[in-house]
Number of protein chains: 2
Amino acid sequence: MQFSKSTAYGLHALMLLAKSERGRNVGIKELSSSLGASESYLSKIMSKLRQDGLVRAVTGVNGGYELARAASEITFLDVVQVLEGRQHLYECFHGSDHPLPSLEAAGDEPETPEFAFGEGCPVKQVMDAAELQMNRYLQQHTIQSALNQAGSCDAHTASKK
Amino acid sequence: MQFSKSTAYGLHALMLLAKSERGRNVGIKELSSSLGASESYLSKIMSKLRQDGLVRAVTGVNGGYELARAASEITFLDVVQVLEGRQHLYECFHGSDHPLPSLEAAGDEPETPEFAFGEGCPVKQVMDAAELQMNRYLQQHTIQSALNQAGSCDAHTASKK
DNA sequence: CATATAATGGACATTACAGGTCCATAATAA
DNA sequence: TTATTATGGACCTGTAATGTCCATTATATG
């Protein structure tokens, strides 16, 4: 299990947009050369971010992208959910369309002492709660807060032009 | 990003082993029929769990698997790390062998105000910390605790044979 | 010892999906 | 009108997850 590269690219792209002066559009060329990603691939990612309302895009000359709202209002969770999808990280096998284990044996097979799968499943409860811990953290951190963090302990590269 | 099916199978297999009487070996046939997985596939998973010391296996007649230590000493994190690997969930693209963005421009291009990637990267700091939140939760929950949880709110299926 | 049982590990097949490219189209500023 | 720039569809590719098969090893039992 790994976060996709798309998420890494998306997060970094938003960091760049947050840094650029407000009102100025940043083109895909600039973004892709800064991040070392191809224009075609990165534009797919930016497109998703736009569809979900995280960035605005304007086509044509001097077009490009800018944040759709303040960097302090864009959480890491927002970005992750757009680029990784909103399904749960954990599913008890056969994504719920599968009949429960004890269907043909209506009580005559004592050697299958099964707990409930799917929703009531204690394994799923733990895994979902674990995911929640992570998501809560991601929701508490924004593009802006990460930017501040970078500015404080990493001031040498964050020189303001 | 999703947990693999292997993790789901592995966790449930351990739950079954924890339920079975101590000292009794549970064979792959029994496990696979209970979980609805093929014997061949599930045995691969069990093999991994054995190599990492979570279960013991004995070959031959009456052989099978049992927990290598108390169910209360096997955390969800243990299982996840065996079956998902121990790499970080997040990597800043091109796993650190890539030169930093500002290499050809030794100070003459003010339009690439880049922060450090890799270790110092503020994005990675947030993502790693988020992962840590999840892992901490997984470490605090064990096969035994999940079993208890199941017993309390799901007692109808957890009848002791 | 012989036999049935059962896990192991290697090799291999299959599938799904992330990663990545290309191109035709639409929108916009100059 | 033209150059620029994002969009979205189609498509290709590599790799990892999933899954099967088989020969081997180990063990209990008769």
# chains A, B, ... in the order shown; residues from 1 in each chain; ligands from 1
call {"tool": "interface_residues", "arguments": {"of": "chain A", "to": "chain D", "cutoff": "9 Å", "atoms": "only C-alpha atoms (C1' of nucleotides)", "output": "JSON, numbers by chain"}}
result
{"A": [27, 28, 43, 44, 47, 57, 58, 59, 60, 61, 62, 63, 64]}
call {"tool": "interface_residues", "arguments": {"of": "chain C", "to": "chain A", "cutoff": "7 Å", "atoms": "only C-alpha atoms (C1' of nucleotides)", "output": "list of chain:residue names"}}
result
C:DG20, C:DA27, C:DT28, C:DA29
call {"tool": "write_last_selection", "arguments": {"atoms": "all heavy atoms", "output": "short mmCIF file (atom, residue, chain, number, x, y, z; two decimals), in the first residue's frame"}}
result
data_model
loop_
_atom_site.label_atom_id
_atom_site.label_comp_id
_atom_site.auth_asym_id
_atom_site.auth_seq_id
_atom_site.Cartn_x
_atom_site.Cartn_y
_atom_site.Cartn_z
P DG C 20 5.25 8.10 -14.28
OP1 DG C 20 6.70 7.86 -14.30
OP2 DG C 20 4.69 9.16 -13.43
"O5'" DG C 20 4.78 8.34 -15.78
"C5'" DG C 20 5.13 7.36 -16.76
"C4'" DG C 20 4.37 7.62 -18.04
"O4'" DG C 20 3.00 7.23 -17.91
"C3'" DG C 20 4.33 9.08 -18.50
"O3'" DG C 20 5.24 9.23 -19.59
"C2'" DG C 20 2.89 9.28 -18.94
"C1'" DG C 20 2.32 7.87 -18.96
N9 DG C 20 0.89 7.83 -18.74
C8 DG C 20 0.18 8.23 -17.63
N7 DG C 20 -1.11 8.08 -17.76
C5 DG C 20 -1.27 7.55 -19.04
C6 DG C 20 -2.43 7.18 -19.75
O6 DG C 20 -3.61 7.25 -19.38
N1 DG C 20 -2.13 6.68 -21.01
C2 DG C 20 -0.87 6.57 -21.53
N2 DG C 20 -0.76 6.08 -22.76
N3 DG C 20 0.24 6.91 -20.88
C4 DG C 20 -0.04 7.38 -19.65
P DA C 27 -15.92 26.16 -25.39
OP1 DA C 27 -16.97 25.82 -24.41
OP2 DA C 27 -16.25 26.67 -26.73
"O5'" DA C 27 -14.91 27.19 -24.71
"C5'" DA C 27 -14.25 26.82 -23.52
"C4'" DA C 27 -13.04 27.72 -23.33
"O4'" DA C 27 -12.05 27.41 -24.34
"C3'" DA C 27 -13.35 29.22 -23.48
"O3'" DA C 27 -12.75 29.87 -22.38
"C2'" DA C 27 -12.66 29.61 -24.79
"C1'" DA C 27 -11.50 28.63 -24.81
N9 DA C 27 -10.90 28.36 -26.11
C8 DA C 27 -11.52 27.94 -27.24
N7 DA C 27 -10.69 27.75 -28.26
C5 DA C 27 -9.45 28.06 -27.73
C6 DA C 27 -8.15 28.06 -28.30
N6 DA C 27 -7.89 27.73 -29.56
N1 DA C 27 -7.13 28.43 -27.50
C2 DA C 27 -7.40 28.77 -26.23
N3 DA C 27 -8.57 28.80 -25.60
C4 DA C 27 -9.56 28.43 -26.41
P DT C 28 -13.42 31.21 -21.77
OP1 DT C 28 -13.60 30.99 -20.32
OP2 DT C 28 -14.56 31.63 -22.62
"O5'" DT C 28 -12.26 32.27 -21.95
"C5'" DT C 28 -10.95 31.94 -21.47
"C4'" DT C 28 -9.90 32.62 -22.30
"O4'" DT C 28 -9.77 32.00 -23.59
"C3'" DT C 28 -10.16 34.09 -22.60
"O3'" DT C 28 -9.37 34.85 -21.70
"C2'" DT C 28 -9.73 34.26 -24.07
"C1'" DT C 28 -9.06 32.93 -24.38
N1 DT C 28 -9.10 32.45 -25.77
C2 DT C 28 -7.92 32.32 -26.45
O2 DT C 28 -6.83 32.59 -25.97
N3 DT C 28 -8.05 31.86 -27.75
C4 DT C 28 -9.23 31.53 -28.40
O4 DT C 28 -9.21 31.13 -29.56
C5 DT C 28 -10.43 31.69 -27.62
C7 DT C 28 -11.75 31.35 -28.24
C6 DT C 28 -10.32 32.15 -26.35
P DA C 29 -9.50 36.43 -21.59
OP1 DA C 29 -9.38 36.82 -20.17
OP2 DA C 29 -10.65 36.88 -22.39
"O5'" DA C 29 -8.15 36.86 -22.33
"C5'" DA C 29 -6.90 36.44 -21.78
"C4'" DA C 29 -5.78 36.85 -22.72
"O4'" DA C 29 -5.92 36.15 -23.97
"C3'" DA C 29 -5.73 38.33 -23.03
"O3'" DA C 29 -4.38 38.76 -22.95
"C2'" DA C 29 -6.29 38.42 -24.45
"C1'" DA C 29 -5.90 37.08 -25.05
N9 DA C 29 -6.81 36.55 -26.07
C8 DA C 29 -8.17 36.48 -25.99
N7 DA C 29 -8.74 35.93 -27.04
C5 DA C 29 -7.67 35.60 -27.86
C6 DA C 29 -7.60 34.99 -29.14
N6 DA C 29 -8.68 34.58 -29.81
N1 DA C 29 -6.38 34.81 -29.67
C2 DA C 29 -5.32 35.22 -28.97
N3 DA C 29 -5.26 35.81 -27.78
C4 DA C 29 -6.48 35.97 -27.27
#
call {"tool": "residues_around", "arguments": {"residues": "Ile74 (chain A)", "least_positions_apart": "3", "cutoff": "10 Å", "atoms": "only C-alpha atoms (C1' of nucleotides)", "output": "list in words"}}
result
Leu14, Leu54, Val55, Leu67, Ala68, Arg69, Ala70, Ala71, Leu77, Asp78, Val79, Gln139, Gln140, His141, Thr142, Ile143, Gln144 and Ser145 of chain A
call {"tool": "residues_around", "arguments": {"residues": "Leu83 (chain A)", "least_positions_apart": "3", "cutoff": "10 Å", "atoms": "only C-alpha atoms (C1' of nucleotides)", "output": "PyMOL selection string"}}
result
(chain A and resi 3-11+45-46+48-49+52+77-80+86) or (chain B and resi 1)
call {"tool": "write_last_selection", "arguments": {"atoms": "N, CA, C and O atoms", "output": "PDB file, in the first residue's frame"}}
result
ATOM      1  N   PHE A   3       0.772   5.640  -1.211  1.00  0.00           N
ATOM      2  CA  PHE A   3       0.118   6.755  -1.876  1.00  0.00           C
ATOM      3  C   PHE A   3       0.634   6.822  -3.308  1.00  0.00           C
ATOM      4  O   PHE A   3       1.812   6.520  -3.573  1.00  0.00           O
ATOM      5  N   SER A   4      -0.228   7.189  -4.214  1.00  0.00           N
ATOM      6  CA  SER A   4       0.184   7.256  -5.620  1.00  0.00           C
ATOM      7  C   SER A   4       1.078   8.470  -5.853  1.00  0.00           C
ATOM      8  O   SER A   4       1.087   9.421  -5.069  1.00  0.00           O
ATOM      9  N   LYS A   5       1.810   8.415  -6.942  1.00  0.00           N
ATOM     10  CA  LYS A   5       2.632   9.563  -7.316  1.00  0.00           C
ATOM     11  C   LYS A   5       1.763  10.770  -7.595  1.00  0.00           C
ATOM     12  O   LYS A   5       2.170  11.906  -7.367  1.00  0.00           O
ATOM     13  N   SER A   6       0.568  10.507  -8.100  1.00  0.00           N
ATOM     14  CA  SER A   6      -0.351  11.611  -8.375  1.00  0.00           C
ATOM     15  C   SER A   6      -0.544  12.475  -7.141  1.00  0.00           C
ATOM     16  O   SER A   6      -0.564  13.704  -7.228  1.00  0.00           O
ATOM     17  N   THR A   7      -0.684  11.843  -6.008  1.00  0.00           N
ATOM     18  CA  THR A   7      -0.878  12.587  -4.775  1.00  0.00           C
ATOM     19  C   THR A   7       0.346  13.445  -4.453  1.00  0.00           C
ATOM     20  O   THR A   7       0.226  14.605  -4.063  1.00  0.00           O
ATOM     21  N   ALA A   8       1.515  12.872  -4.642  1.00  0.00           N
ATOM     22  CA  ALA A   8       2.737  13.634  -4.395  1.00  0.00           C
ATOM     23  C   ALA A   8       2.805  14.842  -5.333  1.00  0.00           C
ATOM     24  O   ALA A   8       3.079  15.964  -4.900  1.00  0.00           O
ATOM     25  N   TYR A   9       2.527  14.590  -6.608  1.00  0.00           N
ATOM     26  CA  TYR A   9       2.558  15.689  -7.568  1.00  0.00           C
ATOM     27  C   TYR A   9       1.501  16.733  -7.236  1.00  0.00           C
ATOM     28  O   TYR A   9       1.769  17.935  -7.247  1.00  0.00           O
ATOM     29  N   GLY A  10       0.309  16.272  -6.955  1.00  0.00           N
ATOM     30  CA  GLY A  10      -0.779  17.194  -6.657  1.00  0.00           C
ATOM     31  C   GLY A  10      -0.473  18.079  -5.467  1.00  0.00           C
ATOM     32  O   GLY A  10      -0.668  19.292  -5.508  1.00  0.00           O
ATOM     33  N   LEU A  11       0.017  17.483  -4.401  1.00  0.00           N
ATOM     34  CA  LEU A  11       0.327  18.256  -3.200  1.00  0.00           C
ATOM     35  C   LEU A  11       1.402  19.295  -3.489  1.00  0.00           C
ATOM     36  O   LEU A  11       1.285  20.463  -3.094  1.00  0.00           O
ATOM     37  N   ILE A  45      -3.752  15.469 -13.534  1.00  0.00           N
ATOM     38  CA  ILE A  45      -3.888  15.654 -12.094  1.00  0.00           C
ATOM     39  C   ILE A  45      -4.532  16.998 -11.775  1.00  0.00           C
ATOM     40  O   ILE A  45      -5.451  17.088 -10.968  1.00  0.00           O
ATOM     41  N   MET A  46      -4.062  18.029 -12.464  1.00  0.00           N
ATOM     42  CA  MET A  46      -4.620  19.354 -12.228  1.00  0.00           C
ATOM     43  C   MET A  46      -6.100  19.392 -12.599  1.00  0.00           C
ATOM     44  O   MET A  46      -6.901  20.071 -11.948  1.00  0.00           O
ATOM     45  N   LYS A  48      -8.230  16.974 -12.324  1.00  0.00           N
ATOM     46  CA  LYS A  48      -8.991  16.397 -11.210  1.00  0.00           C
ATOM     47  C   LYS A  48      -9.158  17.408 -10.085  1.00  0.00           C
ATOM     48  O   LYS A  48     -10.233  17.560  -9.514  1.00  0.00           O
ATOM     49  N   LEU A  49      -8.073  18.097  -9.776  1.00  0.00           N
ATOM     50  CA  LEU A  49      -8.139  19.081  -8.696  1.00  0.00           C
ATOM     51  C   LEU A  49      -9.130  20.192  -9.035  1.00  0.00           C
ATOM     52  O   LEU A  49      -9.811  20.715  -8.150  1.00  0.00           O
ATOM     53  N   ASP A  52     -12.772  19.034  -8.651  1.00  0.00           N
ATOM     54  CA  ASP A  52     -13.189  18.962  -7.255  1.00  0.00           C
ATOM     55  C   ASP A  52     -13.139  20.305  -6.557  1.00  0.00           C
ATOM     56  O   ASP A  52     -13.283  20.391  -5.333  1.00  0.00           O
ATOM     57  N   LEU A  77      -6.265  16.378   3.560  1.00  0.00           N
ATOM     58  CA  LEU A  77      -7.297  15.370   3.339  1.00  0.00           C
ATOM     59  C   LEU A  77      -8.073  15.652   2.056  1.00  0.00           C
ATOM     60  O   LEU A  77      -8.374  14.728   1.289  1.00  0.00           O
ATOM     61  N   ASP A  78      -8.371  16.921   1.816  1.00  0.00           N
ATOM     62  CA  ASP A  78      -9.047  17.289   0.573  1.00  0.00           C
ATOM     63  C   ASP A  78      -8.296  16.721  -0.625  1.00  0.00           C
ATOM     64  O   ASP A  78      -8.874  16.074  -1.500  1.00  0.00           O
ATOM     65  N   VAL A  79      -7.011  16.975  -0.639  1.00  0.00           N
ATOM     66  CA  VAL A  79      -6.190  16.586  -1.785  1.00  0.00           C
ATOM     67  C   VAL A  79      -6.115  15.067  -1.913  1.00  0.00           C
ATOM     68  O   VAL A  79      -6.295  14.504  -2.994  1.00  0.00           O
ATOM     69  N   VAL A  80      -5.862  14.411  -0.786  1.00  0.00           N
ATOM     70  CA  VAL A  80      -5.734  12.962  -0.793  1.00  0.00           C
ATOM     71  C   VAL A  80      -7.024  12.304  -1.279  1.00  0.00           C
ATOM     72  O   VAL A  80      -7.003  11.373  -2.073  1.00  0.00           O
ATOM     73  N   ARG A  86     -12.275   8.054  -2.576  1.00  0.00           N
ATOM     74  CA  ARG A  86     -12.896   8.191  -1.263  1.00  0.00           C
ATOM     75  C   ARG A  86     -13.308   6.859  -0.652  1.00  0.00           C
ATOM     76  O   ARG A  86     -13.962   6.808   0.372  1.00  0.00           O
TER      77      ARG A  86
ATOM     78  N   MET B   1      -5.332   4.051  -3.277  1.00  0.00           N
ATOM     79  CA  MET B   1      -4.627   3.375  -2.179  1.00  0.00           C
ATOM     80  C   MET B   1      -5.591   2.498  -1.387  1.00  0.00           C
ATOM     81  O   MET B   1      -6.617   2.966  -0.908  1.00  0.00           O
TER      82      MET B   1
END
call {"tool": "atom_distance", "arguments": {"atom1": "CA of Met127 (chain A)", "atom2": "CA of Leu138 (chain B)"}}
result
7.6 Å
call {"tool": "atom_distance", "arguments": {"atom1": "C1' of DA7 (chain C)", "atom2": "CA of Glu39 (chain B)"}}
result
10.9 Å
call {"tool": "select_by_dssp", "arguments": {"residues": "region 118-150 of chain B", "states": "helix (DSSP H, G or I)", "output": "NGL selection string"}}
result
:B and (122-140 or 143-150)
call {"tool": "atom_distance", "arguments": {"atom1": "CA of Thr75 (chain A)", "atom2": "CA of Ala146 (chain A)"}}
result
9.9 Å
